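Structure file upload08.txt (compact mmCIF, C-alpha atoms) follows.
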```txt
# COMPACT_ATOMS: atom_id res chain seq x y z
CA MET A 1 0.00 0.00 0.00
CA GLU A 2 1.24 3.51 -0.81
CA ALA A 3 1.80 6.09 1.90
CA LEU A 4 -1.16 8.37 2.44
CA VAL A 5 -0.49 12.07 2.10
CA LEU A 6 -3.15 13.39 4.40
CA SER A 7 -3.00 16.97 3.24
CA LYS A 8 -3.75 15.82 -0.29
CA ARG A 9 -6.43 13.27 0.45
CA GLU A 10 -9.83 13.71 -1.12
CA LYS A 11 -12.55 15.14 1.00
CA ARG A 12 -14.22 12.36 2.92
CA LYS A 13 -17.31 11.23 0.99
CA LEU A 14 -18.97 9.13 3.68
CA ALA A 15 -21.68 10.97 5.54
CA GLY A 16 -21.34 11.69 9.24
CA GLU A 17 -20.29 15.00 10.65
CA PHE A 18 -18.01 14.16 13.53
CA PRO A 19 -15.53 11.32 12.84
CA ASP A 20 -12.62 13.71 13.22
CA LEU A 21 -13.54 14.10 16.88
CA CYS A 22 -12.65 10.44 17.48
CA LEU A 23 -10.31 9.95 20.45
CA THR A 24 -9.55 6.34 19.38
CA CYS A 25 -10.64 5.12 22.81
CA GLY A 26 -12.09 1.92 21.35
CA THR A 27 -15.37 1.95 23.29
CA CYS A 28 -17.22 1.32 20.00
CA ALA A 29 -15.11 -1.69 19.03
CA GLY A 30 -14.90 -3.01 22.58
CA GLY A 31 -18.67 -3.39 22.86
CA CYS A 32 -19.36 -4.79 19.41
CA PRO A 33 -19.95 -8.54 18.85
CA VAL A 34 -18.40 -8.47 15.34
CA THR A 35 -15.23 -6.59 16.13
CA GLY A 36 -12.41 -8.20 14.19
CA VAL A 37 -14.48 -9.90 11.50
CA ASP A 38 -12.51 -9.47 8.25
CA GLY A 39 -9.91 -7.62 10.32
CA ILE A 40 -12.14 -4.56 10.71
CA ASP A 41 -13.95 -3.00 13.63
CA MET A 42 -15.77 0.27 14.21
CA ARG A 43 -12.74 2.11 15.47
CA LYS A 44 -10.79 1.09 12.38
CA ALA A 45 -13.75 2.01 10.19
CA VAL A 46 -13.70 5.55 11.62
CA ARG A 47 -9.97 5.78 10.97
CA MET A 48 -10.49 4.52 7.42
CA ALA A 49 -13.09 7.19 6.78
CA LEU A 50 -10.84 9.87 8.23
CA LEU A 51 -7.76 8.81 6.32
CA GLY A 52 -9.51 8.82 2.98
CA LEU A 53 -9.89 5.05 2.70
CA ASP A 54 -13.59 5.52 2.01
CA GLN A 55 -13.65 3.24 -0.98
CA GLU A 56 -11.90 0.42 0.91
CA LEU A 57 -14.60 0.62 3.55
CA VAL A 58 -17.37 0.72 0.93
CA ASP A 59 -15.90 -2.34 -0.79
CA SER A 60 -15.48 -4.28 2.46
CA ARG A 61 -18.14 -6.56 3.95
CA PHE A 62 -17.98 -4.78 7.29
CA PRO A 63 -20.76 -2.19 6.76
CA TRP A 64 -23.10 -5.13 5.96
CA ILE A 65 -21.98 -7.47 8.72
CA CYS A 66 -22.45 -4.57 11.13
CA THR A 67 -26.20 -4.66 11.92
CA LEU A 68 -26.42 -0.90 12.45
CA CYS A 69 -27.63 -1.68 15.96
CA GLY A 70 -26.18 1.59 17.27
CA ARG A 71 -24.66 0.24 20.48
CA CYS A 72 -21.27 1.76 19.56
CA GLU A 73 -22.85 5.13 18.91
CA HIS A 74 -24.73 4.93 22.20
CA GLY A 75 -21.46 4.33 24.03
CA CYS A 76 -19.28 6.80 22.12
CA PRO A 77 -18.00 9.48 24.53
CA MET A 78 -17.64 11.96 21.67
CA ASN A 79 -21.15 11.30 20.38
CA ILE A 80 -19.91 10.54 16.88
CA ASP A 81 -22.66 9.72 14.39
CA LEU A 82 -21.33 6.26 13.56
CA MET A 83 -24.60 4.88 12.17
CA LYS A 84 -24.86 7.65 9.62
CA MET A 85 -21.31 6.92 8.52
CA MET A 86 -21.85 3.16 8.24
CA ARG A 87 -25.17 3.48 6.47
CA SER A 88 -23.65 5.87 3.97
CA ALA A 89 -20.96 3.25 3.28
CA ARG A 90 -23.90 1.04 2.22
CA THR A 91 -25.31 3.89 0.11
CA HIS A 92 -22.04 4.15 -1.80
CA ARG A 93 -22.06 0.45 -2.73
CA GLU A 94 -23.06 -0.09 -6.37
CA ARG A 95 -26.65 -1.30 -6.36
CA GLU A 96 -25.93 -4.58 -8.14
CA LYS A 97 -23.28 -5.32 -5.51
CA VAL A 98 -25.64 -4.96 -2.55
CA PRO A 99 -25.40 -8.38 -0.83
CA GLY A 100 -28.21 -10.89 -0.97
CA VAL A 101 -31.81 -10.16 -1.88
CA LEU A 102 -32.13 -6.73 -0.27
CA HIS A 103 -31.78 -4.57 -3.36
CA LYS A 104 -33.80 -7.00 -5.47
CA GLY A 105 -36.52 -6.62 -2.84
CA VAL A 106 -36.38 -2.84 -3.11
CA VAL A 107 -36.76 -3.00 -6.90
CA GLN A 108 -39.54 -5.56 -6.55
CA CYS A 109 -41.35 -3.35 -4.04
CA LEU A 110 -41.22 -0.35 -6.35
CA GLU A 111 -42.55 -2.48 -9.21
CA SER A 112 -45.17 -4.62 -7.49
CA GLY A 113 -45.88 -2.89 -4.17
CA ASN A 114 -44.28 -5.59 -2.01
CA ASN A 115 -40.77 -6.97 -1.53
CA VAL A 116 -41.52 -10.49 -2.74
CA GLY A 117 -43.81 -9.73 -5.67
CA ILE A 118 -47.07 -11.26 -4.46
CA PRO A 119 -49.71 -10.48 -7.12
CA LYS A 120 -52.69 -8.44 -5.95
CA GLU A 121 -55.29 -11.10 -6.74
CA ASP A 122 -53.34 -13.78 -4.84
CA TYR A 123 -53.00 -11.46 -1.89
CA LEU A 124 -56.69 -10.59 -1.77
CA PHE A 125 -57.66 -14.24 -2.16
CA LEU A 126 -55.35 -15.21 0.70
CA LEU A 127 -56.77 -12.54 3.01
CA GLU A 128 -60.31 -13.63 2.28
CA ASP A 129 -59.48 -17.29 2.73
CA LEU A 130 -57.69 -16.68 6.04
CA GLY A 131 -60.54 -14.44 7.15
CA VAL A 132 -63.03 -17.27 6.63
CA GLU A 133 -60.77 -19.63 8.56
CA LEU A 134 -60.46 -17.26 11.52
CA ALA A 135 -64.21 -16.58 11.51
CA GLU A 136 -64.72 -20.21 12.56
CA GLU A 137 -63.07 -19.25 15.84
CA LEU A 138 -64.18 -15.60 15.98
CA PRO A 139 -67.77 -15.24 14.73
CA GLY A 140 -68.25 -12.44 12.23
CA PHE A 141 -64.55 -11.81 11.67
CA GLU A 142 -63.44 -10.57 8.26
CA VAL A 143 -60.33 -8.82 6.93
CA PRO A 144 -61.10 -5.21 6.05
CA VAL A 145 -59.41 -4.04 2.84
CA ASP A 146 -59.40 -0.38 1.68
CA LYS A 147 -62.01 0.52 4.28
CA LYS A 148 -62.46 4.28 4.14
CA GLY A 149 -62.55 6.06 7.48
CA ALA A 150 -61.05 3.18 9.47
CA ARG A 151 -59.27 4.41 12.60
CA ILE A 152 -56.06 2.51 11.87
CA LEU A 153 -54.32 1.70 8.60
CA VAL A 154 -52.20 -1.42 9.06
CA THR A 155 -49.28 -2.42 6.84
CA ILE A 156 -48.25 -6.05 6.42
CA ASN A 157 -44.80 -7.67 6.49
CA SER A 158 -44.68 -9.55 3.16
CA LYS A 159 -42.93 -12.44 4.90
CA GLU A 160 -46.27 -13.36 6.45
CA PRO A 161 -48.50 -13.71 3.37
CA PHE A 162 -45.50 -15.24 1.58
CA ALA A 163 -44.43 -17.86 4.12
CA GLU A 164 -46.18 -17.61 7.49
CA PRO A 165 -49.76 -16.49 6.73
CA GLU A 166 -51.28 -17.71 9.98
CA ASP A 167 -49.00 -15.39 11.93
CA MET A 168 -51.28 -12.59 10.73
CA PHE A 169 -53.94 -14.03 13.03
CA PHE A 170 -52.21 -12.62 16.10
CA TRP A 171 -52.93 -8.99 15.28
CA TRP A 172 -56.30 -9.85 13.77
CA LYS A 173 -57.38 -11.49 17.02
CA ILE A 174 -56.27 -8.47 19.02
CA PHE A 175 -58.20 -6.11 16.72
CA TYR A 176 -61.27 -8.34 16.97
CA ALA A 177 -61.10 -8.49 20.76
CA ALA A 178 -60.63 -4.70 20.98
CA GLY A 179 -63.45 -4.02 18.54
CA GLU A 180 -60.99 -1.95 16.51
CA SER A 181 -61.83 -0.16 13.29
CA TRP A 182 -58.87 -1.01 11.07
CA THR A 183 -58.01 -1.72 7.47
CA THR A 184 -55.27 -3.01 5.23
CA THR A 185 -54.92 -2.01 1.58
CA SER A 186 -55.05 -3.84 -1.71
CA ASP A 187 -52.00 -1.99 -3.09
CA ASN A 188 -48.72 -0.91 -1.50
CA TRP A 189 -49.38 -2.73 1.77
CA GLU A 190 -45.72 -3.69 2.34
CA GLY A 191 -44.52 -2.57 5.77
CA VAL A 192 -40.88 -3.62 5.40
CA ASN A 193 -38.82 -0.86 3.85
CA TRP A 194 -35.57 -2.44 2.70
CA GLY A 195 -34.27 0.89 1.39
CA LEU A 196 -33.53 1.60 5.05
CA PHE A 197 -31.06 -1.27 5.07
CA THR A 198 -29.53 -0.76 1.62
CA GLY A 199 -28.90 2.93 2.22
CA ASP A 200 -31.28 3.86 -0.60
CA ASP A 201 -33.07 6.99 0.59
CA GLU A 202 -34.90 7.70 -2.67
CA SER A 203 -36.58 4.28 -2.81
CA MET A 204 -37.26 4.41 0.89
CA LYS A 205 -39.06 7.72 0.53
CA GLU A 206 -41.12 6.45 -2.39
CA VAL A 207 -42.31 3.42 -0.41
CA VAL A 208 -43.25 5.67 2.52
CA ARG A 209 -44.96 8.13 0.14
CA ARG A 210 -47.21 5.37 -1.18
CA ILE A 211 -48.22 4.28 2.32
CA VAL A 212 -49.00 7.88 3.28
CA GLU A 213 -50.99 8.24 0.07
CA ASN A 214 -53.15 5.25 1.09
CA TYR A 215 -53.49 6.70 4.57
CA LYS A 216 -54.72 10.03 3.26
CA LYS A 217 -56.96 8.52 0.61
CA LEU A 218 -58.66 6.27 3.14
CA GLU A 219 -58.86 9.09 5.69
CA CYS A 220 -57.47 6.98 8.52
CA GLU A 221 -56.53 8.43 11.86
CA TYR A 222 -53.46 6.34 12.67
CA LEU A 223 -50.87 4.38 10.75
CA LEU A 224 -49.56 1.14 12.28
CA LEU A 225 -46.48 -0.66 10.95
CA PRO A 226 -46.20 -3.83 13.03
CA GLU A 227 -42.52 -4.47 12.35
CA MET B 228 -48.73 5.09 16.21
CA SER B 229 -46.44 2.52 17.79
CA ILE B 230 -47.61 -1.04 18.34
CA HIS B 231 -46.59 -0.60 21.98
CA ASP B 232 -48.78 2.46 22.51
CA LEU B 233 -51.71 0.71 20.83
CA MET B 234 -51.51 -2.48 22.88
CA LYS B 235 -51.00 -0.44 26.05
CA GLU B 236 -54.09 1.61 25.19
CA TYR B 237 -56.17 -1.54 24.69
CA ILE B 238 -55.07 -2.99 28.01
CA GLU B 239 -55.33 0.21 30.06
CA THR B 240 -58.79 1.09 28.79
CA GLY B 241 -60.05 -2.45 29.23
CA ARG B 242 -60.69 -2.95 25.51
CA ILE B 243 -58.89 -6.27 25.73
CA LYS B 244 -58.70 -8.67 28.67
CA LEU B 245 -55.72 -10.92 29.32
CA ASP B 246 -55.31 -14.08 31.35
CA LYS B 247 -51.91 -14.50 32.99
CA SER B 248 -52.56 -18.12 33.88
CA LYS B 249 -52.06 -19.08 30.21
CA HIS B 250 -48.32 -18.37 30.45
CA PRO B 251 -46.79 -19.59 33.71
CA GLU B 252 -43.32 -19.90 32.11
CA LEU B 253 -40.34 -17.84 33.23
CA THR B 254 -40.22 -15.15 30.53
CA THR B 255 -37.66 -12.63 29.32
CA TYR B 256 -37.86 -9.72 26.90
CA HIS B 257 -35.49 -8.77 24.07
CA ASP B 258 -35.05 -5.05 23.26
CA PRO B 259 -34.85 -4.65 19.47
CA CYS B 260 -32.34 -1.97 18.44
CA ASN B 261 -34.94 -0.11 16.41
CA TYR B 262 -37.70 0.15 19.00
CA ALA B 263 -35.29 0.84 21.81
CA ARG B 264 -31.89 2.50 21.43
CA LYS B 265 -32.35 3.77 17.87
CA SER B 266 -35.88 5.06 18.48
CA GLU B 267 -34.55 7.03 21.44
CA ARG B 268 -31.79 8.52 19.32
CA THR B 269 -33.95 9.22 16.26
CA PHE B 270 -37.29 10.20 17.77
CA GLY B 271 -36.40 11.12 21.34
CA HIS B 272 -38.27 8.19 22.88
CA GLY B 273 -37.02 4.66 23.28
CA TYR B 274 -39.66 1.98 23.79
CA TYR B 275 -38.12 0.33 26.84
CA GLU B 276 -40.82 0.33 29.50
CA GLU B 277 -44.01 -0.05 27.46
CA PRO B 278 -43.24 -3.55 26.11
CA ARG B 279 -42.02 -4.70 29.53
CA TRP B 280 -45.29 -3.54 31.03
CA ILE B 281 -47.27 -5.31 28.29
CA VAL B 282 -45.33 -8.55 28.80
CA GLN B 283 -46.02 -8.36 32.52
CA GLN B 284 -49.75 -8.01 31.89
CA CYS B 285 -49.49 -11.46 30.27
CA VAL B 286 -47.00 -13.20 32.58
CA ASP B 287 -46.13 -12.98 36.27
CA ASN B 288 -42.89 -14.87 36.05
CA TYR B 289 -40.52 -12.36 34.46
CA VAL B 290 -36.74 -12.00 34.31
CA GLU B 291 -34.45 -9.40 32.69
CA MET B 292 -31.46 -10.09 30.50
CA TYR B 293 -28.27 -8.19 31.28
CA PRO B 294 -27.37 -5.77 29.91
CA ASN B 295 -30.75 -4.50 28.70
CA ARG B 296 -32.61 -1.43 27.44
CA ALA B 297 -30.20 1.04 25.77
CA ASN B 298 -27.25 -1.24 26.45
CA ASN B 299 -28.89 -4.31 25.02
CA TYR B 300 -27.03 -6.50 22.55
CA CYS B 301 -28.41 -6.85 19.03
CA CYS B 302 -29.77 -10.29 18.11
CA GLY B 303 -27.30 -10.33 15.21
CA ALA B 304 -29.82 -10.11 12.36
CA GLY B 305 -30.48 -6.36 12.38
CA GLY B 306 -29.89 -3.99 9.48
CA GLY B 307 -31.19 -6.55 7.01
CA ALA B 308 -28.64 -9.21 8.00
CA TRP B 309 -31.37 -11.86 8.05
CA ALA B 310 -31.71 -11.37 4.28
CA MET B 311 -27.99 -11.28 3.57
CA PRO B 312 -25.71 -14.12 2.52
CA TYR B 313 -23.38 -13.79 5.55
CA ALA B 314 -24.99 -16.50 7.68
CA GLU B 315 -21.79 -17.55 9.44
CA GLU B 316 -21.11 -13.99 10.60
CA ARG B 317 -24.75 -13.52 11.60
CA ILE B 318 -24.66 -16.61 13.80
CA TYR B 319 -21.29 -15.61 15.26
CA TYR B 320 -22.76 -12.19 16.05
CA GLY B 321 -25.67 -13.85 17.85
CA ARG B 322 -23.48 -15.78 20.31
CA VAL B 323 -23.65 -12.84 22.73
CA LYS B 324 -27.43 -12.71 22.60
CA ALA B 325 -27.65 -16.48 23.00
CA LYS B 326 -25.56 -16.34 26.15
CA GLN B 327 -27.66 -13.51 27.55
CA ILE B 328 -30.81 -15.57 27.01
CA LYS B 329 -29.35 -18.74 28.50
CA ASP B 330 -28.09 -16.88 31.56
CA THR B 331 -31.67 -15.89 32.46
CA GLU B 332 -32.80 -19.54 32.41
CA ALA B 333 -36.03 -18.24 30.84
CA GLU B 334 -38.38 -20.72 29.17
CA MET B 335 -39.94 -18.11 26.90
CA LEU B 336 -38.53 -15.09 25.08
CA ILE B 337 -40.64 -12.22 23.76
CA ALA B 338 -39.49 -10.08 20.82
CA PRO B 339 -41.51 -7.28 19.21
CA CYS B 340 -39.56 -7.38 15.93
CA HIS B 341 -39.76 -9.76 12.98
CA ASN B 342 -36.01 -9.87 12.41
CA CYS B 343 -35.12 -10.46 16.05
CA ARG B 344 -37.78 -13.13 16.40
CA ASP B 345 -36.61 -14.99 13.30
CA GLN B 346 -32.94 -14.82 14.23
CA ILE B 347 -33.55 -16.05 17.78
CA MET B 348 -36.27 -18.60 17.01
CA LYS B 349 -35.05 -20.05 13.73
CA SER B 350 -31.29 -19.70 14.06
CA LEU B 351 -29.84 -19.03 17.52
CA ARG B 352 -31.99 -21.64 19.29
CA LYS B 353 -30.63 -24.32 16.98
CA GLU B 354 -27.02 -23.09 16.77
CA TYR B 355 -26.59 -22.55 20.51
CA ASP B 356 -28.53 -25.51 21.85
CA MET B 357 -31.55 -23.79 23.35
CA MET B 358 -34.46 -25.34 21.48
CA ASP B 359 -36.36 -25.54 24.77
CA VAL B 360 -36.78 -21.75 24.82
CA GLU B 361 -40.09 -20.78 23.25
CA VAL B 362 -39.99 -17.56 21.18
CA LYS B 363 -43.01 -15.35 20.57
CA TYR B 364 -43.75 -11.96 19.07
CA LEU B 365 -45.01 -9.47 21.63
CA TRP B 366 -48.37 -9.37 19.81
CA GLU B 367 -48.42 -13.16 19.68
CA LEU B 368 -48.10 -13.28 23.47
CA VAL B 369 -50.95 -10.77 23.77
CA ALA B 370 -53.12 -12.66 21.25
CA ASP B 371 -52.46 -15.95 23.06
CA SER B 372 -53.39 -14.36 26.40
CA LEU B 373 -56.71 -12.89 25.22
CA VAL B 374 -59.97 -13.65 26.89
CA ILE B 375 -62.64 -12.77 24.34
CA GLU B 376 -66.18 -12.29 25.60
CA GLY B 377 -68.67 -14.54 23.89
CA VAL B 378 -65.87 -16.72 22.54
CA ASP B 379 -63.88 -17.87 25.58
CA GLU B 380 -66.64 -17.63 28.16
```
Using structure tokens, write down the structure from this file.
Amino acid sequence: MEALVLSKREKRKLAGEFPDLCLTCGTCAGGCPVTGVDGIDMRKAVRMALLGLDQELVDSRFPWICTLCGRCEHGCPMNIDLMKMMRSARTHREREKVPGVLHKGVVQCLESGNNVGIPKEDYLFLLEDLGVELAEELPGFEVPVDKKGARILVTINSKEPFAEPEDMFFWWKIFYAAGESWTTTSDNWEGVNWGLFTGDDESMKEVVRRIVENYKKLECEYLLLPE
Amino acid sequence: MSIHDLMKEYIETGRIKLDKSKHPELTTYHDPCNYARKSERTFGHGYYEEPRWIVQQCVDNYVEMYPNRANNYCCGAGGGAWAMPYAEERIYYGRVKAKQIKDTEAEMLIAPCHNCRDQIMKSLRKEYDMMDVEVKYLWELVADSLVIEGVDE
């Protein structure tokens, strides 16, 4: 590796306002369960960002193995915005190099309205079918869809209709018992916003915008994202 | 509106009734990063006490993990890690959480987050030999504790 000439380094491109306040105390790395994985830890990551090794950090696996749990930031005596820095390292990763299914899910959500691409008619059929099943236990139960004026608009985690549909019963039972006025929607019902994880603010905003649009259109009082 | 505020509202106003005798097990609660520490930092309020109160409306036999609340350890699957290809690192990350859970000797763990629940229930239990710990969503615990008039009586 070549020597770094600090006075000539490019301006740091990773977001985060305060890394240069770092005292290198190691509190962040000391309290993190993945310190040392791939030879990196949060203290090193801060040094990398400061020294102009932004691209090395962006190309490393560390910003993705870090779960952005924020324990380091909570403990940092200089209150450095470590999460902003790590998430922006994810933002700078080329989209096709985002690990796993996360970015594919974001694209899928923008196209189909949910991360796993469940077609609308399948979704509505499933809700109706499950509603009938639950009504055997709870007389009169049905799943409200696009109900204007409901008190609460509820989003759904696509994992449930996709793989664990009966887990939706838990909330439905609570709503039934409480006599709640609630509704889900036939479009853009996804409650899991993977743009948060991939560092993709534009997509994240679009997914939120669609939920808010439903909320306004249906004139609901509250929005509930059971994530 | 947060799920915690809504469930608390239902319980406090008597809109739902819960039966503690359905869950006699020793129970612990996992603070998800997003509802707890990160919510405090982002929105000025961390949901630490509300879920604990809700859990304790459903069970009498309750134990804390240490450390907890703002100092809690992540389950290891946060930030989308559950959907990433780094399974080995995710499981390694979770060793700390697994030890915290085991140290409580709890028979049931409650998590109000899909990611945390999946990581603990589907991965950590198997990898760290604690299949005897039952894992439930917070709303699952509440749903399973319900006494519904005209249905259960």
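Minimum atom-to-atom distances from A:Tyr215, A:Phe169, A:Phe18, A:Phe162 to Pro119 of chain A were compared using all atoms listed in the file, and the lowest value belongs to A:Phe162.
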Which polymer residues, whether protein, DNA or RNA, lie within 10 Å of the coordinate (-32.2, -6.6, 6.7) when you count all atoms listed in the file? List them as a list in words, using the chain letters and numbers from the file. Trp64, Thr67, Leu68, Gly100, Val101, Leu102, Val192, Asn193, Trp194, Gly195, Leu196, Phe197 and Thr198 of chain A; Ala304, Gly305, Gly306, Gly307, Ala308, Trp309, Ala310, Met311 and Asn342 of chain B
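By only C-alpha atoms, and with residues fewer than 2 positions from Pro19 of chain A along its chain excluded, the set lying at most 9 Å from it is Gly16, Glu17, Leu21, Cys22, Val46, Arg47, Ala49, Leu50, Ile80, Asp81, Leu82 and Met85 of chain A.
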For chain A, work out the contacting residues on chain B at 7 Å, counting only C-alpha atoms, and write them as a PyMOL selection string. chain B and resi 228-230+237+242-243+260+265+298+301+303-308+310-312+316+320+323+340-341+366-367+370+375+378
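Considering the residues B:Val286, B:Glu334, B:Val374, B:Tyr274 and counting all atoms listed in the file, Pro259 of chain B has its shortest atom-to-atom contact with B:Tyr274.
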Contact residues around Phe141 of chain A with all atoms listed in the file at 8 Å, ignoring same-chain residues under 5 positions, as a PDB file with C-alpha atoms, keeping the file's coordinate frame:
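out.pdb written:
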```
ATOM      1  CA  GLY A 131     -60.540 -14.440   7.150  1.00  0.00           C
ATOM      2  CA  VAL A 132     -63.030 -17.270   6.630  1.00  0.00           C
ATOM      3  CA  LEU A 134     -60.460 -17.260  11.520  1.00  0.00           C
ATOM      4  CA  ALA A 135     -64.210 -16.580  11.510  1.00  0.00           C
ATOM      5  CA  TYR A 176     -61.270  -8.340  16.970  1.00  0.00           C
TER       6      TYR A 176
END
```
Please, what distance in Å, to one decimal, runs between atom CA of Leu23 of chain A and atom CA of Asp41 of chain A? 15.1 Å
Need to verify the contact set: segment 344-354 of chain B, 7 Å, only C-alpha atoms, exclusion of same-chain residues closer than 4 positions in sequence. Can you return it as a PDB file with C-alpha atoms, in the coordinates of the input?
```pdb
ATOM      1  CA  CYS B 302     -29.770 -10.290  18.110  1.00  0.00           C
ATOM      2  CA  ALA B 304     -29.820 -10.110  12.360  1.00  0.00           C
ATOM      3  CA  ILE B 318     -24.660 -16.610  13.800  1.00  0.00           C
ATOM      4  CA  GLY B 321     -25.670 -13.850  17.850  1.00  0.00           C
ATOM      5  CA  ALA B 325     -27.650 -16.480  23.000  1.00  0.00           C
ATOM      6  CA  ALA B 338     -39.490 -10.080  20.820  1.00  0.00           C
ATOM      7  CA  CYS B 340     -39.560  -7.380  15.930  1.00  0.00           C
ATOM      8  CA  MET B 358     -34.460 -25.340  21.480  1.00  0.00           C
ATOM      9  CA  VAL B 362     -39.990 -17.560  21.180  1.00  0.00           C
ATOM     10  CA  TYR B 364     -43.750 -11.960  19.070  1.00  0.00           C
TER      11      TYR B 364
END
```
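If you look at atom CA of Met292 of chain B and atom CA of His257 of chain B, they are 7.7 Å away from each other.
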I'd like the contact shell of Arg279 of chain B - 12 Å cut-off, only C-alpha atoms, skipping same-chain residues fewer than 5 positions apart - returned as a tab-separated table (two decimals) with C-alpha atoms, keeping the file's coordinate frame.
```tsv
chain	number	residue	atom	x	y	z
B	231	HIS	CA	-46.59	-0.60	21.98
B	234	MET	CA	-51.51	-2.48	22.88
B	235	LYS	CA	-51.00	-0.44	26.05
B	254	THR	CA	-40.22	-15.15	30.53
B	255	THR	CA	-37.66	-12.63	29.32
B	256	TYR	CA	-37.86	-9.72	26.90
B	257	HIS	CA	-35.49	-8.77	24.07
B	258	ASP	CA	-35.05	-5.05	23.26
B	263	ALA	CA	-35.29	0.84	21.81
B	274	TYR	CA	-39.66	1.98	23.79
B	284	GLN	CA	-49.75	-8.01	31.89
B	285	CYS	CA	-49.49	-11.46	30.27
B	286	VAL	CA	-47.00	-13.20	32.58
B	287	ASP	CA	-46.13	-12.98	36.27
B	289	TYR	CA	-40.52	-12.36	34.46
B	290	VAL	CA	-36.74	-12.00	34.31
B	291	GLU	CA	-34.45	-9.40	32.69
B	292	MET	CA	-31.46	-10.09	30.50
B	295	ASN	CA	-30.75	-4.50	28.70
B	296	ARG	CA	-32.61	-1.43	27.44
B	336	LEU	CA	-38.53	-15.09	25.08
B	337	ILE	CA	-40.64	-12.22	23.76
B	338	ALA	CA	-39.49	-10.08	20.82
B	339	PRO	CA	-41.51	-7.28	19.21
B	365	LEU	CA	-45.01	-9.47	21.63
```
Residues within 12 Å of Leu53 of chain A, please, as JSON, numbers by chain. Count all atoms listed in the file; anything in the same chain fewer than 2 positions from it doesn't count. {"A": [1, 2, 3, 4, 5, 6, 9, 10, 11, 12, 13, 14, 44, 45, 46, 47, 48, 49, 50, 51, 55, 56, 57, 58, 59, 60, 89]}
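Taking atom CA of Tyr293 of chain B and atom CA of Asn79 of chain A as the two end points, the separation is 23.4 Å.
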Please put the answer as lines of an AutoDock Vina configuration file: centre and edge lengths, in Å with one decimal, of a box along x, y and z that encloses all listed atoms of segment 297-301 of chain B plus 3 Å on each side.
```
center_x = -28.6
center_y = -2.9
center_z = 22.7
size_x = 9.2
size_y = 13.9
size_z = 13.4
```
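Of the listed residues B:Ala297, B:Asp232, B:Gly241, B:Met357, the one whose atoms come nearest to Ile281 of chain B is B:Asp232, with distances taken using all atoms listed in the file.
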